[in-house]
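Single-structure report; data block below.
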Amino acid sequence: MNNVRLFFLLLSLAALLFMVAGLFKPWLLLWWEDVQNRRKVIKLYGSIALISYLVFIGLRFVE
């Protein structure tokens, strides 16, 4: 179970790092989109970071 928690923690940290990088250059992370803007970066990577962190916190209570 600790490996699963560690995975979600690292996923949230990576998404947070990608979100910060995407705020400077959105086209690096949203290359498949027609329009790349900072709002889409925050929506996509911010929601991934938030959801994975909430799963990480939630798994603490499952143990």
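Ordering of the structure tokens sets the chain letters (A, B, ...); residue numbers start at 1 within each chain; ligands are numbered from 1 in the order shown.
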
- List every residue of chain A that DSSP, applied to the backbone of this structure, places in alpha helix (DSSP H), and write the result as an NGL selection string. :A and (2-24 or 26-29 or 38-62)

- Suppose you want the space between CA of Gly46 (chain A) and CA of Glu63 (chain A); what is it in Å?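 The value is 26.6 Å.
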
- Would you list the contacts of region 27-31 of chain A as a PyMOL selection string, taking every protein, DNA or RNA residue within 8 Å and counting only C-alpha atoms, but skipping same-chain residues closer than 3 positions in sequence? chain A and resi 18+22+34+36-37+41

Prev. selection, N, CA and C atoms, output as a PDB file, in the first residue's frame:
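Output below, filename result_9.pdb:
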ATOM      1  N   PHE A  18       4.956  20.265 -13.683  1.00  0.00           N
ATOM      2  CA  PHE A  18       4.568  20.517 -15.070  1.00  0.00           C
ATOM      3  C   PHE A  18       3.671  21.746 -15.172  1.00  0.00           C
ATOM      4  N   GLY A  22       4.447  24.896 -17.371  1.00  0.00           N
ATOM      5  CA  GLY A  22       3.476  25.278 -18.386  1.00  0.00           C
ATOM      6  C   GLY A  22       2.986  26.702 -18.247  1.00  0.00           C
ATOM      7  N   ASP A  34      -5.026  22.889 -30.265  1.00  0.00           N
ATOM      8  CA  ASP A  34      -4.956  23.965 -31.253  1.00  0.00           C
ATOM      9  C   ASP A  34      -4.587  25.291 -30.599  1.00  0.00           C
ATOM     10  N   GLN A  36      -3.058  26.906 -27.147  1.00  0.00           N
ATOM     11  CA  GLN A  36      -2.363  26.628 -25.893  1.00  0.00           C
ATOM     12  C   GLN A  36      -2.355  27.904 -25.063  1.00  0.00           C
ATOM     13  N   ASN A  37      -3.006  27.858 -23.921  1.00  0.00           N
ATOM     14  CA  ASN A  37      -2.956  29.012 -23.036  1.00  0.00           C
ATOM     15  C   ASN A  37      -2.772  28.545 -21.596  1.00  0.00           C
ATOM     16  N   VAL A  41      -3.508  24.948 -19.059  1.00  0.00           N
ATOM     17  CA  VAL A  41      -2.450  24.300 -18.279  1.00  0.00           C
ATOM     18  C   VAL A  41      -2.890  24.155 -16.831  1.00  0.00           C
TER      19      VAL A  41
END

- Which polymer residues have any atom within 10 Å of an atom of Leu10 (chain A), counting only C-alpha atoms, with same-chain residues fewer than 3 positions away left out, as a ChimeraX atom specification? /A:4-7,13-16,49,52-53,56

What's around Leu23 (chain A) at 8 Å? Count only C-alpha atoms, leave out sequence neighbours fewer than 2 positions away in its own chain, and write the answer as a CSV table (one decimal) with C-alpha atoms, in the first residue's frame.
chain,number,residue,atom,x,y,z
A,19,MET,CA,2.0,23.1,-14.2
A,20,VAL,CA,4.6,25.6,-13.1
A,21,ALA,CA,6.6,24.9,-16.3
A,25,LYS,CA,5.6,28.1,-21.9
A,26,PRO,CA,2.2,26.5,-22.4
A,38,ARG,CA,-2.2,29.2,-19.4
A,41,VAL,CA,-2.5,24.3,-18.3
A,42,ILE,CA,-3.9,25.2,-14.9

- Message: I'd like the neighbourhood of Val55 (chain A) as a list in words, where a residue qualifies if any of its atoms comes within 9 Å (using only C-alpha atoms), though same-chain residues fewer than 5 positions away should be ignored.
- Response: Arg5, Phe8, Leu9, Leu50 and Arg60 of chain A

- Pairwise distance, CA of Asn3 (chain A) with CA of Leu54 (chain A), equals 15.9 Å
